[in-house]
>>> print(open('protein21.pdb').read())   # PDB, C-alpha atoms and all ligand atoms
ATOM      1  CA  MET A  22     -19.076   5.552   8.507
ATOM      2  CA  LEU A  23     -17.092   7.703   6.099
ATOM      3  CA  MET A  24     -13.865   9.336   7.239
ATOM      4  CA  GLN A  25     -12.044  12.196   5.569
ATOM      5  CA  THR A  26      -9.840  13.155   8.530
ATOM      6  CA  SER A  27      -9.599  11.656  11.987
ATOM      7  CA  THR A  28      -9.458  13.562  15.253
ATOM      8  CA  LEU A  29      -8.472  11.247  18.075
ATOM      9  CA  PRO A  30      -7.433  11.845  21.663
ATOM     10  CA  LEU A  31      -3.872  10.675  20.906
ATOM     11  CA  LYS A  32      -0.723  12.497  19.936
ATOM     12  CA  PRO A  33      -0.483  12.908  16.129
ATOM     13  CA  PHE A  34       2.600  11.193  14.700
ATOM     14  CA  ARG A  35       2.162  11.786  11.012
ATOM     15  CA  ARG A  36      -0.549  12.545   8.498
ATOM     16  CA  GLY A  37       0.036  10.960   5.088
ATOM     17  CA  LYS A  38      -1.989  11.167   1.914
ATOM     18  CA  VAL A  39      -4.250   8.362   3.026
ATOM     19  CA  ARG A  40      -3.398   7.482   6.606
ATOM     20  CA  ASP A  41      -3.391   9.331   9.897
ATOM     21  CA  VAL A  42      -0.877   7.910  12.348
ATOM     22  CA  TYR A  43      -0.929   8.490  16.115
ATOM     23  CA  GLU A  44       1.368   7.691  19.010
ATOM     24  CA  VAL A  45      -0.126   5.389  21.589
ATOM     25  CA  ASP A  46       2.952   5.101  23.791
ATOM     26  CA  ALA A  47       6.707   4.631  23.425
ATOM     27  CA  ASP A  48       6.273   1.205  21.822
ATOM     28  CA  ARG A  49       3.053   1.483  19.851
ATOM     29  CA  LEU A  50       1.372   3.463  17.064
ATOM     30  CA  LEU A  51      -2.210   3.582  15.851
ATOM     31  CA  LEU A  52      -2.488   3.622  12.056
ATOM     32  CA  VAL A  53      -5.828   4.868  10.770
ATOM     33  CA  ALA A  54      -6.618   4.386   7.087
ATOM     34  CA  THR A  55      -9.076   7.127   6.148
ATOM     35  CA  ASP A  56     -11.338   6.983   3.080
ATOM     36  CA  ARG A  57      -9.255   9.557   1.258
ATOM     37  CA  VAL A  58      -8.176   8.632  -2.243
ATOM     38  CA  SER A  59      -5.352  10.009  -4.315
ATOM     39  CA  ALA A  60      -4.834   9.747  -8.047
ATOM     40  CA  PHE A  61      -1.956  11.201 -10.041
ATOM     41  CA  ASP A  62      -0.524  12.217  -6.644
ATOM     42  CA  VAL A  63      -3.451  14.526  -5.868
ATOM     43  CA  VAL A  64      -5.787  13.769  -2.966
ATOM     44  CA  MET A  65      -9.419  14.006  -4.077
ATOM     45  CA  GLY A  66     -11.963  16.105  -2.212
ATOM     46  CA  GLU A  67     -14.376  13.190  -1.858
ATOM     47  CA  THR A  68     -14.031  10.013   0.164
ATOM     48  CA  ILE A  69     -14.503   6.440  -1.081
ATOM     49  CA  PRO A  70     -16.843   4.370   1.107
ATOM     50  CA  TYR A  71     -15.123   1.381   2.788
ATOM     51  CA  LYS A  72     -11.722   2.149   1.257
ATOM     52  CA  GLY A  73      -9.957   2.654   4.597
ATOM     53  CA  ALA A  74     -11.325  -0.564   6.064
ATOM     54  CA  VAL A  75     -10.433  -2.476   2.889
ATOM     55  CA  LEU A  76      -6.828  -1.281   3.020
ATOM     56  CA  THR A  77      -6.362  -2.081   6.706
ATOM     57  CA  GLN A  78      -8.090  -5.460   6.531
ATOM     58  CA  ILE A  79      -6.158  -6.500   3.411
ATOM     59  CA  THR A  80      -2.900  -5.680   5.200
ATOM     60  CA  ALA A  81      -4.080  -7.623   8.261
ATOM     61  CA  TRP A  82      -5.054 -10.589   6.086
ATOM     62  CA  TRP A  83      -1.689 -10.679   4.327
ATOM     63  CA  LEU A  84       0.219 -10.405   7.579
ATOM     64  CA  ARG A  85      -1.683 -13.398   8.914
ATOM     65  CA  GLN A  86      -0.952 -15.345   5.685
ATOM     66  CA  LEU A  87       2.736 -14.460   5.883
ATOM     67  CA  GLU A  88       3.176 -14.752   9.636
ATOM     68  CA  ASP A  89       5.502 -17.778   9.420
ATOM     69  CA  ARG A  90       7.836 -16.044   7.010
ATOM     70  CA  ILE A  91       8.141 -12.531   8.279
ATOM     71  CA  ALA A  92       8.161 -10.566  11.527
ATOM     72  CA  HIS A  93       5.798  -7.599  11.240
ATOM     73  CA  HIS A  94       4.359  -4.653  13.123
ATOM     74  CA  MET A  95       0.723  -5.660  13.530
ATOM     75  CA  LEU A  96      -0.540  -6.078  17.087
ATOM     76  CA  SER A  97      -4.253  -5.928  16.257
ATOM     77  CA  ALA A  98      -6.665  -4.790  13.552
ATOM     78  CA  ASP A  99      -9.723  -5.718  15.600
ATOM     79  CA  ILE A 100     -11.502  -2.683  16.990
ATOM     80  CA  ALA A 101     -12.780  -4.391  20.147
ATOM     81  CA  GLU A 102      -9.275  -5.529  21.014
ATOM     82  CA  ILE A 103      -7.782  -2.134  20.157
ATOM     83  CA  VAL A 104     -10.238  -0.377  22.447
ATOM     84  CA  ARG A 105      -9.367  -2.807  25.233
ATOM     85  CA  GLU A 106      -5.703  -1.884  24.765
ATOM     86  CA  VAL A 107      -6.346   1.846  24.307
ATOM     87  CA  PRO A 108      -9.470   2.700  26.341
ATOM     88  CA  SER A 109      -9.377   6.396  25.382
ATOM     89  CA  LEU A 110     -10.606   5.328  21.916
ATOM     90  CA  ARG A 111     -13.893   3.999  23.300
ATOM     91  CA  ASP A 112     -15.968   6.901  21.953
ATOM     92  CA  HIS A 113     -14.399   6.521  18.501
ATOM     93  CA  GLN A 114     -15.116   2.831  18.099
ATOM     94  CA  ASP A 115     -17.659   3.217  15.264
ATOM     95  CA  GLU A 116     -15.572   5.493  13.082
ATOM     96  CA  LEU A 117     -12.424   3.406  13.613
ATOM     97  CA  ALA A 118     -13.990  -0.040  13.092
ATOM     98  CA  GLY A 119     -12.080  -1.930  10.409
ATOM     99  CA  ARG A 120      -9.749   0.896   9.501
ATOM    100  CA  ALA A 121      -7.498   1.073  12.596
ATOM    101  CA  MET A 122      -4.401  -1.003  13.246
ATOM    102  CA  LEU A 123      -2.432  -1.063  16.457
ATOM    103  CA  ALA A 124       1.205  -1.540  15.510
ATOM    104  CA  ARG A 125       4.651  -1.856  17.019
ATOM    105  CA  ARG A 126       6.475   1.352  16.642
ATOM    106  CA  SER A 127       9.709   1.158  14.698
ATOM    107  CA  THR A 128      12.352   3.334  13.148
ATOM    108  CA  VAL A 129      11.472   3.108   9.483
ATOM    109  CA  PHE A 130      14.326   2.693   6.980
ATOM    110  CA  PRO A 131      14.276   5.660   4.575
ATOM    111  CA  ILE A 132      13.875   3.302   1.614
ATOM    112  CA  GLU A 133      10.847   2.270  -0.403
ATOM    113  CA  CYS A 134      11.528  -1.391  -1.194
ATOM    114  CA  VAL A 135       9.945  -1.828  -4.611
ATOM    115  CA  VAL A 136       9.678  -5.271  -6.185
ATOM    116  CA  ARG A 137       8.564  -5.577  -9.784
ATOM    117  CA  GLY A 138       7.302  -8.852 -11.203
ATOM    118  CA  TYR A 139       6.009  -7.204 -14.376
ATOM    119  CA  ILE A 140       7.299  -4.187 -16.229
ATOM    120  CA  SER A 141       4.890  -1.283 -16.047
ATOM    121  CA  GLY A 142       4.478   2.375 -15.119
ATOM    122  CA  SER A 143       7.670   4.366 -14.521
ATOM    123  CA  ALA A 144       9.794   1.222 -14.985
ATOM    124  CA  TRP A 145       8.380   0.683 -18.471
ATOM    125  CA  LYS A 146       8.979   4.336 -19.295
ATOM    126  CA  GLU A 147      12.658   4.137 -18.270
ATOM    127  CA  TYR A 148      13.181   0.825 -20.072
ATOM    128  CA  ARG A 149      11.574   2.113 -23.262
ATOM    129  CA  GLU A 150      13.741   5.199 -23.212
ATOM    130  CA  ALA A 151      17.059   3.801 -21.971
ATOM    131  CA  GLY A 152      16.848  -0.021 -21.842
ATOM    132  CA  THR A 153      17.506   0.155 -18.103
ATOM    133  CA  LEU A 154      15.649  -0.045 -14.814
ATOM    134  CA  ALA A 155      16.940   2.130 -11.976
ATOM    135  CA  GLY A 156      20.077   2.536 -14.046
ATOM    136  CA  GLU A 157      20.736  -1.206 -14.374
ATOM    137  CA  PRO A 158      20.499  -2.776 -17.844
ATOM    138  CA  LEU A 159      17.612  -5.170 -18.512
ATOM    139  CA  ALA A 160      17.131  -7.923 -21.097
ATOM    140  CA  LYS A 161      16.352  -6.629 -24.577
ATOM    141  CA  GLY A 162      13.012  -6.995 -26.318
ATOM    142  CA  LEU A 163      10.663  -6.743 -23.350
ATOM    143  CA  ARG A 164       7.101  -5.623 -24.066
ATOM    144  CA  GLU A 165       5.043  -3.389 -21.810
ATOM    145  CA  SER A 166       3.518  -5.449 -18.948
ATOM    146  CA  ASP A 167       5.787  -8.464 -19.613
ATOM    147  CA  ARG A 168       6.523 -10.727 -16.670
ATOM    148  CA  LEU A 169       9.997 -10.324 -15.155
ATOM    149  CA  ASN A 170      11.737 -13.495 -14.054
ATOM    150  CA  PRO A 171      13.212 -13.221 -11.496
ATOM    151  CA  PRO A 172      11.401 -10.145 -10.177
ATOM    152  CA  ILE A 173      13.463  -6.993  -9.960
ATOM    153  CA  PHE A 174      14.211  -5.247  -6.705
ATOM    154  CA  SER A 175      14.322  -1.505  -7.394
ATOM    155  CA  PRO A 176      14.618   0.670  -4.284
ATOM    156  CA  ALA A 177      13.582   4.309  -4.066
ATOM    157  CA  THR A 178      14.123   6.962  -1.474
ATOM    158  CA  LYS A 179      11.138   8.065   0.582
ATOM    159  CA  ALA A 180      10.510  11.641  -0.494
ATOM    160  CA  ASP A 181       8.515  13.754   1.952
ATOM    161  CA  GLU A 182       7.342  15.977  -0.858
ATOM    162  CA  GLY A 183       6.582  14.949  -4.403
ATOM    163  CA  HIS A 184       7.685  11.801  -6.165
ATOM    164  CA  ASP A 185       9.954   9.128  -4.778
ATOM    165  CA  GLU A 186      13.277   8.873  -6.529
ATOM    166  CA  ASN A 187      14.545   5.551  -7.863
ATOM    167  CA  ILE A 188      18.022   4.734  -6.595
ATOM    168  CA  THR A 189      20.596   2.073  -7.427
ATOM    169  CA  ILE A 190      21.359  -0.749  -5.022
ATOM    170  CA  ASP A 191      24.802   0.802  -4.495
ATOM    171  CA  LYS A 192      23.131   4.013  -3.399
ATOM    172  CA  MET A 193      20.887   2.044  -1.038
ATOM    173  CA  ARG A 194      23.987   0.377   0.463
ATOM    174  CA  SER A 195      25.602   3.730   1.032
ATOM    175  CA  LEU A 196      22.454   4.991   2.773
ATOM    176  CA  ILE A 197      21.763   2.120   5.176
ATOM    177  CA  GLY A 198      24.829  -0.129   4.998
ATOM    178  CA  ASP A 199      25.545  -3.409   3.215
ATOM    179  CA  ALA A 200      24.053  -5.805   5.732
ATOM    180  CA  ASP A 201      20.700  -4.028   6.084
ATOM    181  CA  ALA A 202      20.492  -3.432   2.330
ATOM    182  CA  ARG A 203      20.957  -7.149   1.707
ATOM    183  CA  GLU A 204      18.421  -8.059   4.389
ATOM    184  CA  LEU A 205      15.747  -5.670   3.073
ATOM    185  CA  GLU A 206      16.178  -6.983  -0.461
ATOM    186  CA  ARG A 207      15.958 -10.585   0.725
ATOM    187  CA  LEU A 208      12.835  -9.948   2.798
ATOM    188  CA  SER A 209      11.180  -7.908   0.021
ATOM    189  CA  ARG A 210      11.721 -10.671  -2.522
ATOM    190  CA  GLU A 211      10.485 -13.337  -0.160
ATOM    191  CA  VAL A 212       7.283 -11.485   0.762
ATOM    192  CA  TYR A 213       6.572 -10.522  -2.841
ATOM    193  CA  GLU A 214       7.108 -14.068  -4.136
ATOM    194  CA  SER A 215       4.806 -15.526  -1.493
ATOM    195  CA  GLY A 216       2.244 -12.803  -2.100
ATOM    196  CA  ARG A 217       2.223 -13.176  -5.845
ATOM    197  CA  ARG A 218       1.781 -16.941  -5.564
ATOM    198  CA  ILE A 219      -1.170 -16.600  -3.188
ATOM    199  CA  ALA A 220      -2.771 -13.833  -5.294
ATOM    200  CA  ALA A 221      -2.351 -15.845  -8.504
ATOM    201  CA  GLU A 222      -4.437 -18.657  -7.001
ATOM    202  CA  ARG A 223      -7.195 -16.046  -6.707
ATOM    203  CA  GLY A 224      -6.969 -14.671 -10.235
ATOM    204  CA  ILE A 225      -5.001 -11.578  -9.294
ATOM    205  CA  ILE A 226      -1.639 -10.533 -10.681
ATOM    206  CA  ILE A 227       0.423  -8.408  -8.314
ATOM    207  CA  ALA A 228       2.456  -6.611 -10.949
ATOM    208  CA  ASP A 229       4.607  -4.696  -8.514
ATOM    209  CA  THR A 230       4.572  -3.538  -4.940
ATOM    210  CA  LYS A 231       6.309  -1.432  -2.362
ATOM    211  CA  PHE A 232       7.297  -2.450   1.163
ATOM    212  CA  GLU A 233       8.588  -0.495   4.105
ATOM    213  CA  PHE A 234      10.678  -1.992   6.889
ATOM    214  CA  GLY A 235      11.575  -0.694  10.294
ATOM    215  CA  ARG A 236      13.816  -1.604  13.167
ATOM    216  CA  VAL A 237      12.395  -2.137  16.626
ATOM    217  CA  PRO A 238      14.132   0.377  18.918
ATOM    218  CA  THR A 239      16.694  -1.186  21.223
ATOM    219  CA  THR A 240      14.860   0.339  24.168
ATOM    220  CA  GLY A 241      11.789  -1.760  23.295
ATOM    221  CA  ARG A 242      10.992  -4.683  25.534
ATOM    222  CA  GLU A 243      10.473  -7.376  22.932
ATOM    223  CA  GLY A 244      12.482  -8.137  19.799
ATOM    224  CA  ALA A 245      14.715  -5.095  20.240
ATOM    225  CA  GLY A 246      16.867  -4.356  17.199
ATOM    226  CA  LYS A 247      14.917  -6.685  14.943
ATOM    227  CA  VAL A 248      13.931  -5.747  11.359
ATOM    228  CA  ILE A 249      10.159  -5.939  10.847
ATOM    229  CA  LEU A 250       7.739  -5.364   7.980
ATOM    230  CA  VAL A 251       5.692  -2.213   8.645
ATOM    231  CA  ASP A 252       3.150   0.061   6.967
ATOM    232  CA  GLU A 253       0.589  -1.336   4.527
ATOM    233  CA  VAL A 254       1.297  -4.655   2.844
ATOM    234  CA  LEU A 255       0.279  -5.791  -0.652
ATOM    235  CA  THR A 256      -2.755  -3.512  -0.812
ATOM    236  CA  PRO A 257      -4.151  -1.986  -3.996
ATOM    237  CA  ASP A 258      -2.663   1.346  -2.843
ATOM    238  CA  SER A 259       0.878   0.008  -2.449
ATOM    239  CA  SER A 260       0.756  -2.383  -5.405
ATOM    240  CA  ARG A 261      -0.517  -2.756  -8.948
ATOM    241  CA  PHE A 262      -3.227  -5.416  -9.020
ATOM    242  CA  TRP A 263      -4.314  -6.709 -12.410
ATOM    243  CA  PRO A 264      -7.147  -9.140 -13.178
ATOM    244  CA  ALA A 265      -5.325 -12.268 -14.432
ATOM    245  CA  ASP A 266      -8.075 -13.206 -16.898
ATOM    246  CA  ARG A 267      -7.570  -9.962 -18.803
ATOM    247  CA  TYR A 268      -3.772 -10.000 -18.783
ATOM    248  CA  GLU A 269      -2.247  -9.311 -22.171
ATOM    249  CA  PRO A 270       1.312  -7.993 -22.533
ATOM    250  CA  GLY A 271       2.119  -5.397 -25.173
ATOM    251  CA  HIS A 272       0.203  -2.515 -23.625
ATOM    252  CA  GLY A 273      -0.891  -1.095 -20.254
ATOM    253  CA  GLN A 274      -3.263  -3.230 -18.149
ATOM    254  CA  PRO A 275      -6.528  -2.104 -16.540
ATOM    255  CA  SER A 276      -6.025  -1.628 -12.834
ATOM    256  CA  PHE A 277      -8.329  -3.361 -10.424
ATOM    257  CA  ASP A 278      -9.013  -0.468  -8.160
ATOM    258  CA  LYS A 279      -8.724   3.094  -9.361
ATOM    259  CA  GLN A 280      -9.542   2.588 -13.024
ATOM    260  CA  PRO A 281     -12.967   4.305 -12.913
ATOM    261  CA  LEU A 282     -11.367   7.243 -11.121
ATOM    262  CA  ARG A 283      -8.401   7.430 -13.495
ATOM    263  CA  ASP A 284     -10.667   7.198 -16.544
ATOM    264  CA  TYR A 285     -12.825  10.028 -15.250
ATOM    265  CA  LEU A 286      -9.847  12.241 -14.451
ATOM    266  CA  ASP A 287      -8.244  11.519 -17.832
ATOM    267  CA  ALA A 288     -11.436  12.603 -19.560
ATOM    268  CA  GLU A 289     -11.527  15.798 -17.503
ATOM    269  CA  LYS A 290      -7.930  16.504 -18.497
ATOM    270  CA  ARG A 291      -8.603  15.850 -22.174
ATOM    271  CA  ALA A 292     -11.612  18.157 -22.037
ATOM    272  CA  GLY A 293      -9.368  20.894 -20.629
ATOM    273  CA  ARG A 294     -11.311  21.037 -17.359
ATOM    274  CA  TRP A 295      -8.432  19.866 -15.149
ATOM    275  CA  ASP A 296      -4.684  20.605 -15.347
ATOM    276  CA  GLY A 297      -3.644  17.671 -13.145
ATOM    277  CA  ASN A 298      -2.831  19.807 -10.092
ATOM    278  CA  TYR A 299      -4.629  20.654  -6.903
ATOM    279  CA  PRO A 300      -7.587  21.299  -6.678
ATOM    280  CA  PRO A 301      -8.983  18.181  -8.345
ATOM    281  CA  PRO A 302     -12.408  18.197 -10.015
ATOM    282  CA  ARG A 303     -15.443  17.103  -8.030
ATOM    283  CA  LEU A 304     -16.147  13.427  -8.468
ATOM    284  CA  PRO A 305     -19.586  12.300  -9.629
ATOM    285  CA  LYS A 306     -21.458   9.847  -7.438
ATOM    286  CA  GLU A 307     -21.128   7.058 -10.047
ATOM    287  CA  VAL A 308     -17.329   7.332 -10.011
ATOM    288  CA  ILE A 309     -17.211   7.224  -6.210
ATOM    289  CA  GLU A 310     -19.520   4.208  -6.116
ATOM    290  CA  ALA A 311     -17.670   2.366  -8.871
ATOM    291  CA  THR A 312     -14.351   2.910  -7.084
ATOM    292  CA  SER A 313     -15.763   1.760  -3.752
ATOM    293  CA  ALA A 314     -17.146  -1.368  -5.438
ATOM    294  CA  ARG A 315     -13.693  -2.122  -6.882
ATOM    295  CA  TYR A 316     -12.010  -1.960  -3.486
ATOM    296  CA  LEU A 317     -14.660  -4.202  -1.913
ATOM    297  CA  ASP A 318     -14.324  -6.624  -4.817
ATOM    298  CA  ILE A 319     -10.561  -6.944  -4.363
ATOM    299  CA  TYR A 320     -11.043  -7.675  -0.679
ATOM    300  CA  ARG A 321     -13.557 -10.388  -1.485
ATOM    301  CA  ARG A 322     -11.476 -11.961  -4.245
ATOM    302  CA  LEU A 323      -8.350 -12.072  -2.128
ATOM    303  CA  THR A 324      -9.731 -13.216   1.189
ATOM    304  CA  GLY A 325     -12.822 -15.109   0.023
ATOM    305  CA  HIS A 326     -14.920 -13.132   2.514
ATOM    306  CA  THR A 327     -17.223 -10.160   2.205
ATOM    307  CA  LEU A 328     -15.966  -7.190   4.162
ATOM    308  CA  ASP A 329     -18.278  -6.220   6.946
ATOM    309  CA  PRO A 330     -16.774  -2.944   8.053
ATOM    310  CA  ASP A 331     -19.570  -2.205  10.486
ATOM    311  CA  ASP A 332     -18.965  -5.483  12.281
ATOM    312  CA  ARG A 333     -17.782  -4.638  15.770
ATOM    313  CA  HIS A 334     -17.741  -8.219  17.134
TER     314      HIS A 334
HETATM  315  N1  LIG B   1       5.364   0.346  12.500
HETATM  316  C1  LIG B   1       5.652   1.600  12.121
HETATM  317  N2  LIG B   1       6.525   2.357  12.838
HETATM  318  C2  LIG B   1       6.804   3.644  12.461
HETATM  319  N3  LIG B   1       6.267   4.252  11.381
HETATM  320  C3  LIG B   1       5.409   3.536  10.613
HETATM  321  C4  LIG B   1       5.061   2.185  10.938
HETATM  322  N4  LIG B   1       4.182   1.741  10.003
HETATM  323  C5  LIG B   1       4.003   2.762   9.132
HETATM  324  N5  LIG B   1       4.732   3.860   9.477
HETATM  325  C6  LIG B   1       4.771   5.164   8.790
HETATM  326  O1  LIG B   1       3.444   5.714   8.823
HETATM  327  C7  LIG B   1       3.172   6.467   7.640
HETATM  328  C8  LIG B   1       1.879   5.985   6.988
HETATM  329  O2  LIG B   1       1.203   7.019   6.342
HETATM  330  P1  LIG B   1       0.907   7.078   4.769
HETATM  331  O3  LIG B   1      -0.451   7.649   4.587
HETATM  332  O4  LIG B   1       1.206   5.758   4.129
HETATM  333  O5  LIG B   1       1.995   8.139   4.352
HETATM  334  P2  LIG B   1       2.627   8.460   2.912
HETATM  335  O6  LIG B   1       1.783   9.519   2.285
HETATM  336  O7  LIG B   1       3.998   8.914   3.303
HETATM  337  O8  LIG B   1       2.649   7.168   2.136
HETATM  338  C9  LIG B   1       4.394   6.319   6.749
HETATM  339  O9  LIG B   1       5.223   7.430   6.890
HETATM  340  C10 LIG B   1       5.091   5.050   7.308
HETATM  341  O10 LIG B   1       6.485   5.075   7.081
HETATM  342 MG    MG B   2       2.324   5.208   2.403
END
>>> encode(input="protein21.pdb", output="structure tokens")
Amino acid sequence: MLMQTSTLPLKPFRRGKVRDVYEVDADRLLLVATDRVSAFDVVMGETIPYKGAVLTQITAWWLRQLEDRIAHHMLSADIAEIVREVPSLRDHQDELAGRAMLARRSTVFPIECVVRGYISGSAWKEYREAGTLAGEPLAKGLRESDRLNPPIFSPATKADEGHDENITIDKMRSLIGDADARELERLSREVYESGRRIAAERGIIIADTKFEFGRVPTTGREGAGKVILVDEVLTPDSSRFWPADRYEPGHGQPSFDKQPLRDYLDAEKRAGRWDGNYPPPRLPKEVIEATSARYLDIYRRLTGHTLDPDDRH
């Protein structure tokens, strides 16, 4: 079942570009990944079949892989279990199947914890222009898409509007304090390193990624005050996934997921039919289907299973 926007009998907490978040109670949130897709920071008018379920189930899969290493916010991503916990969602079971996650509510640190294992995107642009990354000097002679060893931790602030802003580690310390800054960097590196190793075994390069962390409120019953990994984790929306068999430094790499969409939008721009702002052009059926197939393919390659989003157990 496709979803552009959700309407649930719960109190809205936040509506992001892709996800609708609701309050369940003082300790829990429901995160709903819709099928919305954004490219070049613009949300498209069309939805991508299965995208929401792919994002939620990839996060759930990673959190199960990483369970021994990191405390996280997931309580359940299984719709039958979620409905048992939150009976008011009973009538929404079909539309929520696969895409909903019941999570521990936390106070999210206002920092995007970016880890880069390869130099690409805005990092490549800054390096090419200034030889630095987030203001810190980098080794000379790097090529676009080169592997970075060790990976680089480059935090950004979470901007409510527009683009996130890269900040230095000193700036991060001044925002959240030394101890938390150190802890978030340590956890980010650990999760990224584990994730990139597991993905590599499956032919996928995770070039870079972004994590969010939160603190469990001290009023909470369990694990009060603890830092936990929240939000989406190592998904194609929060990370750059590259097919390892086509990796070749020296230029940009094809992305696993949104390439058909990006190619189409680039062509529309070149033809003068789109200026890159809202409203986006209408997407042809082939582009929607090709993008959906990419998301399903990533899920299958990573987990070794075919996603069955209509499976309600
Ligand atoms: N466990 C959690 N506790 C509190 N907030 C969370 C938790 N997990 C995710 N969030 C927040 O929910 C929102 C998810 O919506 P999303 O569509 O990703 O928004 P955005 O467009 O800001 O990326 C983010 O603001 C994220 O910080
Ligand atoms: Mg987000």
>>> residues_near_ligand(input="protein21.pdb", ligand="ligand MG 2 (chain B)", cutoff="8 Å", atoms="all atoms listed in the file", output="number ranges by chain")
A: 37-40, 252-253, 259
>>> atom_distance(input="protein21.pdb", atom1="atom N5 of ligand LIG 1 (chain B)", atom2="CA of Asp258 (chain A)")
14.6 Å
>>> resolve_selection(input="protein21.pdb", expression="the PyMOL selection byres (((chain A and resi 306-308) around 8) and not hetatm)", output="list in words")
Pro281, Leu282, Tyr285, Leu304, Pro305, Ile309, Glu310, Ala311 and Thr312 of chain A
>>> resolve_selection(input="protein21.pdb", expression="the PyMOL selection byres (((chain A and resi 45) around 9) and not hetatm)", output="list of chain:residue names")
A:Leu31, A:Lys32, A:Tyr43, A:Glu44, A:Asp46, A:Ala47, A:Asp48, A:Arg49, A:Leu50, A:Leu51, A:Val107, A:Leu123
>>> write_last_selection(input="protein21.pdb", atoms="C-alpha atoms", output="PDB file, in the coordinates of the input")
ATOM      1  CA  LEU A  31      -3.872  10.675  20.906  1.00  0.00           C
ATOM      2  CA  LYS A  32      -0.723  12.497  19.936  1.00  0.00           C
ATOM      3  CA  TYR A  43      -0.929   8.490  16.115  1.00  0.00           C
ATOM      4  CA  GLU A  44       1.368   7.691  19.010  1.00  0.00           C
ATOM      5  CA  ASP A  46       2.952   5.101  23.791  1.00  0.00           C
ATOM      6  CA  ALA A  47       6.707   4.631  23.425  1.00  0.00           C
ATOM      7  CA  ASP A  48       6.273   1.205  21.822  1.00  0.00           C
ATOM      8  CA  ARG A  49       3.053   1.483  19.851  1.00  0.00           C
ATOM      9  CA  LEU A  50       1.372   3.463  17.064  1.00  0.00           C
ATOM     10  CA  LEU A  51      -2.210   3.582  15.851  1.00  0.00           C
ATOM     11  CA  VAL A 107      -6.346   1.846  24.307  1.00  0.00           C
ATOM     12  CA  LEU A 123      -2.432  -1.063  16.457  1.00  0.00           C
TER      13      LEU A 123
END
>>> closest_residue(input="protein21.pdb", among="A:Val58, A:Leu87, A:Ile132, A:Ala288", to="Ala180 (chain A)", atoms="only C-alpha atoms")
A:Ile132
>>> residues_near_ligand(input="protein21.pdb", ligand="ligand LIG 1 (chain B)", cutoff="7 Å", atoms="only C-alpha atoms and all ligand atoms", output="ChimeraX atom specification")
/A:35-42,50,94,124-129,181,233,235,251-252
>>> closest_residue(input="protein21.pdb", among="A:Ser195, A:Thr55, A:Ser166, A:Gln78", to="Met22 (chain A)", atoms="all atoms listed in the file")
A:Thr55
